[in-house]
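Q: Quick one: structure below, then a few questions.
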Amino acid sequence: MPVNIAIDGPVGAGKSSVSDAVAKRLNILHLDTGAMYRAFGLAMLRMGVDPMDEQAVTQHISDVNVSVRYEDGMQHTYLGTEDVTGLIRTGEVSAAASSASSWPAVRRAMVAAQKRMAAEADMLIDGRDIGTVVLDKSPAKIYLTASPEVRARRRYEQNLAAGDTTSYQEVLDALNQRDLQDMTRATDPLRQAEDAVLLDTSNMSFDESVEAILQIVERVYGKQ
Ligand code: DC
């Protein structure tokens, strides 16, 4: 049976870093789908297209080629032939990705690419619609969350370590704004799949979160 693990959750739940660690322990690839929407959002910003304008965004989809390659097991996200992995973590790109990802045509293109990748390799995929759409048949689904204050605090501390001095309140406001947009969009909004296991990491350490997910995976697939 191919190993397909779906992890969804709101902004700052730790999906990317926890998913990376779990995938490494299982020796499978980790696909961060948010990076694909971020690369698309970056393309819109560069082209001067308003990510909130559905018609304009939809018109430009065929001009944008987002792809993912693995180098030493690490995901690199490309726009055409340019590796944009290091350019997509800014606040501006986060907001553009959240807006552009609300449009059905954008989602169709990204979901099709993600399903193709999942069919080719054992994978852990994280995002917003993985358990509900991309890997809707996966037997291992996790909804990873934590309180907004805990998520904002973690993000704020990560930012500080990277030299970004945005205040805690601004981080919390941006996080709430993006969650609202991701959870209320008409097409495939963020929600917990009915058969997903809820994991609230508000009072868990990083290592405890990783172990909890490994236990869920082991219940489904046996010891890997
Ligand atoms: O996971 P992230 O914060 O890097 O994702 C950036 C944005 O992309 C997020 O605000 C919503 C969108 N997204 C999505 O709509 N569906 C996914 N599977 C992953 C991300």
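Starting from 1 in every chain, residues are counted up; chains themselves are A, B, ... following the order of the structure tokens, and ligands are numbered from 1 as listed.
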At a cut-off of 7 Å, using only C-alpha atoms, what residues contact range 138-154 of chain A? Leave out same-chain residues fewer than 2 positions from it and give the result as a ChimeraX atom specification.
A: /A:4-10,12-13,15,131,135-136,156-158,168,171-172,175,192,195-202,217,220
Q: With the cut-off set at 12 Å and counting only C-alpha atoms, tabulate each residue of range 135-191 of chain A with an atom at most that distance from an atom of range 72-95 of chain A, showing the nearest atom pair and its distance in Å to one decimal, ordered by chain and increasing number, as JSON lines.
A:
{"residue": "A:Arg155", "atom": "CA", "partner": "A:Gly91", "partner_atom": "CA", "distance": 11.6}
{"residue": "A:Gln158", "atom": "CA", "partner": "A:Arg89", "partner_atom": "CA", "distance": 11.8}
{"residue": "A:Asn159", "atom": "CA", "partner": "A:Thr90", "partner_atom": "CA", "distance": 10.2}
{"residue": "A:Ala162", "atom": "CA", "partner": "A:Arg89", "partner_atom": "CA", "distance": 11.3}
{"residue": "A:Asp164", "atom": "CA", "partner": "A:Thr90", "partner_atom": "CA", "distance": 10.1}
{"residue": "A:Thr166", "atom": "CA", "partner": "A:Gly91", "partner_atom": "CA", "distance": 10.1}
{"residue": "A:Glu170", "atom": "CA", "partner": "A:Gly91", "partner_atom": "CA", "distance": 10.8}
{"residue": "A:Val171", "atom": "CA", "partner": "A:Gly91", "partner_atom": "CA", "distance": 9.5}
{"residue": "A:Asp173", "atom": "CA", "partner": "A:Gly91", "partner_atom": "CA", "distance": 12.0}
{"residue": "A:Ala174", "atom": "CA", "partner": "A:Gly91", "partner_atom": "CA", "distance": 8.5}
{"residue": "A:Leu175", "atom": "CA", "partner": "A:Ala95", "partner_atom": "CA", "distance": 9.8}
{"residue": "A:Asn176", "atom": "CA", "partner": "A:Ala95", "partner_atom": "CA", "distance": 11.6}
{"residue": "A:Gln177", "atom": "CA", "partner": "A:Ala95", "partner_atom": "CA", "distance": 9.1}
{"residue": "A:Arg178", "atom": "CA", "partner": "A:Ala95", "partner_atom": "CA", "distance": 7.0}
{"residue": "A:Asp179", "atom": "CA", "partner": "A:Ala95", "partner_atom": "CA", "distance": 10.6}
{"residue": "A:Leu180", "atom": "CA", "partner": "A:Ala95", "partner_atom": "CA", "distance": 11.8}
{"residue": "A:Gln181", "atom": "CA", "partner": "A:Ala95", "partner_atom": "CA", "distance": 9.6}
{"residue": "A:Asp182", "atom": "CA", "partner": "A:Ala95", "partner_atom": "CA", "distance": 10.5}
Q: Would you export the selected residues with all heavy atoms as a CSV table (one decimal), in the first residue's frame, please?
A:
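File produced: out-v9.csv:
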chain,number,residue,atom,x,y,z
A,155,ARG,N,5.3,32.0,15.9
A,155,ARG,CA,5.7,32.7,14.7
A,155,ARG,C,6.5,33.9,15.0
A,155,ARG,O,7.5,34.2,14.4
A,155,ARG,CB,4.4,33.0,13.9
A,155,ARG,CG,4.5,33.6,12.5
A,155,ARG,CD,5.4,32.9,11.6
A,155,ARG,NE,5.1,31.5,11.3
A,155,ARG,CZ,4.3,31.1,10.3
A,155,ARG,NH1,3.7,32.0,9.5
A,155,ARG,NH2,4.1,29.8,10.0
A,158,GLN,N,10.0,32.9,15.9
A,158,GLN,CA,10.7,32.5,14.7
A,158,GLN,C,11.2,33.8,14.0
A,158,GLN,O,12.3,33.9,13.5
A,158,GLN,CB,9.8,31.8,13.7
A,158,GLN,CG,9.7,30.3,14.0
A,158,GLN,CD,8.5,29.7,13.1
A,158,GLN,OE1,7.9,30.4,12.4
A,158,GLN,NE2,8.2,28.4,13.3
A,159,ASN,N,10.3,34.7,13.8
A,159,ASN,CA,10.6,36.0,13.1
A,159,ASN,C,11.7,36.7,13.8
A,159,ASN,O,12.7,37.1,13.1
A,159,ASN,CB,9.4,36.9,13.1
A,159,ASN,CG,8.3,36.5,12.2
A,159,ASN,OD1,8.5,35.5,11.4
A,159,ASN,ND2,7.1,37.1,12.3
A,162,ALA,N,15.0,35.4,13.1
A,162,ALA,CA,15.4,35.7,11.8
A,162,ALA,C,15.7,37.2,11.6
A,162,ALA,O,15.9,37.6,10.4
A,162,ALA,CB,14.4,35.1,10.8
A,164,ASP,N,13.4,39.6,12.1
A,164,ASP,CA,12.2,40.4,11.8
A,164,ASP,C,11.6,40.8,13.1
A,164,ASP,O,11.2,40.0,13.9
A,164,ASP,CB,11.3,39.4,11.0
A,164,ASP,CG,9.9,40.1,10.7
A,164,ASP,OD1,9.6,41.1,11.3
A,164,ASP,OD2,9.2,39.5,9.8
A,166,THR,N,8.7,42.5,13.6
A,166,THR,CA,7.2,42.7,13.6
A,166,THR,C,6.7,42.4,15.0
A,166,THR,O,7.0,41.4,15.6
A,166,THR,CB,6.5,41.8,12.6
A,166,THR,OG1,7.2,42.0,11.4
A,166,THR,CG2,5.1,42.2,12.4
A,170,GLU,N,0.9,42.5,15.8
A,170,GLU,CA,0.8,42.5,14.3
A,170,GLU,C,0.8,41.1,13.7
A,170,GLU,O,0.1,40.7,12.8
A,170,GLU,CB,1.9,43.3,13.7
A,170,GLU,CG,1.7,44.8,13.6
A,170,GLU,CD,3.0,45.5,13.1
A,170,GLU,OE1,3.1,45.6,11.8
A,170,GLU,OE2,3.8,45.8,13.9
A,171,VAL,N,1.6,40.2,14.3
A,171,VAL,CA,1.7,38.8,13.9
A,171,VAL,C,0.4,38.1,14.1
A,171,VAL,O,-0.2,37.4,13.3
A,171,VAL,CB,2.9,38.1,14.6
A,171,VAL,CG1,2.8,36.6,14.3
A,171,VAL,CG2,4.2,38.6,14.2
A,173,ASP,N,-2.6,39.5,14.5
A,173,ASP,CA,-3.6,40.1,13.6
A,173,ASP,C,-3.5,39.5,12.2
A,173,ASP,O,-4.6,39.1,11.6
A,173,ASP,CB,-3.5,41.6,13.5
A,173,ASP,CG,-3.9,42.3,14.8
A,173,ASP,OD1,-4.5,41.6,15.7
A,173,ASP,OD2,-3.6,43.5,15.0
A,174,ALA,N,-2.3,39.4,11.6
A,174,ALA,CA,-2.1,38.9,10.3
A,174,ALA,C,-2.5,37.4,10.2
A,174,ALA,O,-3.1,36.9,9.3
A,174,ALA,CB,-0.7,39.0,9.8
A,175,LEU,N,-2.2,36.7,11.3
A,175,LEU,CA,-2.5,35.2,11.4
A,175,LEU,C,-4.1,35.0,11.4
A,175,LEU,O,-4.6,34.2,10.6
A,175,LEU,CB,-1.8,34.7,12.6
A,175,LEU,CG,-2.0,33.3,13.1
A,175,LEU,CD1,-0.7,32.8,13.8
A,175,LEU,CD2,-3.1,33.2,14.2
A,176,ASN,N,-4.7,35.9,12.2
A,176,ASN,CA,-6.2,35.7,12.3
A,176,ASN,C,-6.9,36.1,11.0
A,176,ASN,O,-7.8,35.5,10.5
A,176,ASN,CB,-6.8,36.6,13.4
A,176,ASN,CG,-6.6,36.0,14.8
A,176,ASN,OD1,-6.6,34.8,14.9
A,176,ASN,ND2,-6.4,36.8,15.8
A,177,GLN,N,-6.3,37.1,10.3
A,177,GLN,CA,-6.8,37.6,9.0
A,177,GLN,C,-6.7,36.5,8.0
A,177,GLN,O,-7.6,36.2,7.2
A,177,GLN,CB,-6.0,38.8,8.6
A,177,GLN,CG,-6.2,39.3,7.2
A,177,GLN,CD,-7.6,39.8,7.0
A,177,GLN,OE1,-8.2,40.3,7.9
A,177,GLN,NE2,-8.1,39.7,5.8
A,178,ARG,N,-5.5,35.8,7.9
A,178,ARG,CA,-5.2,34.8,6.9
A,178,ARG,C,-6.1,33.5,7.2
A,178,ARG,O,-6.7,32.9,6.3
A,178,ARG,CB,-3.7,34.5,6.9
A,178,ARG,CG,-3.3,33.7,5.6
A,178,ARG,CD,-2.0,34.2,5.2
A,178,ARG,NE,-0.9,33.8,6.0
A,178,ARG,CZ,-0.2,32.6,5.9
A,178,ARG,NH1,-0.6,31.7,5.1
A,178,ARG,NH2,0.8,32.4,6.7
A,179,ASP,N,-6.2,33.2,8.5
A,179,ASP,CA,-7.1,32.0,8.9
A,179,ASP,C,-8.5,32.3,8.4
A,179,ASP,O,-9.2,31.4,7.9
A,179,ASP,CB,-7.1,31.8,10.4
A,179,ASP,CG,-5.9,31.1,10.9
A,179,ASP,OD1,-5.1,30.5,10.0
A,179,ASP,OD2,-5.7,31.0,12.1
A,180,LEU,N,-9.0,33.5,8.6
A,180,LEU,CA,-10.4,33.8,8.3
A,180,LEU,C,-10.6,33.6,6.8
A,180,LEU,O,-11.5,33.0,6.3
A,180,LEU,CB,-10.7,35.2,8.7
A,180,LEU,CG,-12.1,35.7,8.4
A,180,LEU,CD1,-13.1,35.0,9.4
A,180,LEU,CD2,-12.3,37.2,8.6
A,181,GLN,N,-9.6,34.2,6.0
A,181,GLN,CA,-9.7,34.1,4.5
A,181,GLN,C,-9.6,32.6,4.1
A,181,GLN,O,-10.4,32.2,3.3
A,181,GLN,CB,-8.5,34.9,3.9
A,181,GLN,CG,-8.6,34.9,2.4
A,181,GLN,CD,-7.8,36.2,1.9
A,181,GLN,OE1,-8.4,37.2,1.7
A,181,GLN,NE2,-6.5,36.0,1.6
A,182,ASP,N,-8.7,31.8,4.7
A,182,ASP,CA,-8.5,30.4,4.3
A,182,ASP,C,-9.7,29.5,4.7
A,182,ASP,O,-10.0,28.5,4.1
A,182,ASP,CB,-7.2,29.8,4.9
A,182,ASP,CG,-6.0,30.5,4.4
A,182,ASP,OD1,-6.0,31.2,3.4
A,182,ASP,OD2,-4.9,30.4,5.0
Q: Show me, as a list in words, the residues that have an atom within 10 Å of Asp207 in chain A when counting only C-alpha atoms, minus same-chain residues fewer than 6 positions from it.
A: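 My reading of the contact set: Val18, Ala21 and Val22 of chain A.
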Q: Selection from above, N, CA and C atoms, as a tab-separated table (two decimals), in the first residue's frame, can you write it?
A:
chain	number	residue	atom	x	y	z
A	18	VAL	N	6.99	20.23	11.60
A	18	VAL	CA	6.63	18.92	12.16
A	18	VAL	C	6.56	17.90	11.02
A	21	ALA	N	9.99	16.72	9.92
A	21	ALA	CA	10.60	15.77	10.86
A	21	ALA	C	9.95	14.39	10.75
A	22	VAL	N	8.63	14.36	10.62
A	22	VAL	CA	7.93	13.07	10.52
A	22	VAL	C	8.35	12.36	9.23
Q: Neighbours of ligand 1 within 6 Å, counting only C-alpha atoms and all ligand atoms, as a compact mmCIF listing (two decimals) with C-alpha atoms, in the first residue's frame?
A:
# COMPACT_ATOMS: atom_id res chain seq x y z
CA VAL A 11 -1.34 29.30 9.97
CA THR A 33 1.72 22.60 -0.75
CA GLY A 34 1.67 26.07 0.82
CA ALA A 35 5.01 26.68 -0.92
CA TYR A 37 0.55 28.65 -3.55
CA ARG A 38 3.23 31.02 -2.26
CA SER A 94 1.80 35.03 2.52
CA ALA A 97 -0.86 33.30 -1.59
CA SER A 98 -3.88 33.29 0.70
CA SER A 101 -5.47 30.41 -3.51
CA GLY A 127 -1.67 22.14 3.47
CA ARG A 128 -5.29 23.21 3.93
CA ASP A 129 -7.29 20.82 1.70
CA ILE A 130 -5.14 17.69 1.81
CA ARG A 178 -5.25 34.79 6.90
CA ASP A 182 -8.53 30.41 4.29
Q: Rounded to one decimal in Å, what is the spacing between CA of Leu190 in chain A and CA of Leu31 in chain A?
A: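 It comes out at 17.3 Å.
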Q: Could you state the separation of CA of Leu26 in chain A and CA of Glu218 in chain A in Å, given to one decimal place?
A: 10.1 Å
Q: Taking the DSSP secondary structure from the backbone, can you list the residues of range 39-135 of chain A that are strand (DSSP E), as a ChimeraX atom specification?
A: /A:66-71,74-79,82-83,123-127
Q: Store the residues picked out above, limited to C-alpha atoms, as an mmCIF file, in the first residue's frame.
A:
data_model
loop_
_atom_site.group_PDB
_atom_site.id
_atom_site.type_symbol
_atom_site.label_atom_id
_atom_site.label_comp_id
_atom_site.auth_asym_id
_atom_site.auth_seq_id
_atom_site.Cartn_x
_atom_site.Cartn_y
_atom_site.Cartn_z
ATOM 1 C CA VAL A 66 5.028 26.217 -10.457
ATOM 2 C CA SER A 67 6.928 22.996 -9.853
ATOM 3 C CA VAL A 68 8.662 21.169 -7.057
ATOM 4 C CA ARG A 69 11.947 19.290 -7.129
ATOM 5 C CA TYR A 70 13.719 17.382 -4.408
ATOM 6 C CA GLU A 71 17.398 18.022 -3.822
ATOM 7 C CA MET A 74 14.584 18.716 0.552
ATOM 8 C CA GLN A 75 11.784 20.416 -1.354
ATOM 9 C CA HIS A 76 12.762 23.236 -3.701
ATOM 10 C CA THR A 77 9.942 25.223 -5.246
ATOM 11 C CA TYR A 78 10.381 26.644 -8.735
ATOM 12 C CA LEU A 79 8.764 29.327 -10.856
ATOM 13 C CA GLU A 82 14.000 29.873 -11.033
ATOM 14 C CA ASP A 83 14.350 28.354 -7.561
ATOM 15 C CA MET A 123 4.486 11.088 0.579
ATOM 16 C CA LEU A 124 3.465 13.166 3.515
ATOM 17 C CA ILE A 125 1.586 16.223 2.237
ATOM 18 C CA ASP A 126 0.658 19.269 4.284
ATOM 19 C CA GLY A 127 -1.671 22.142 3.466
#
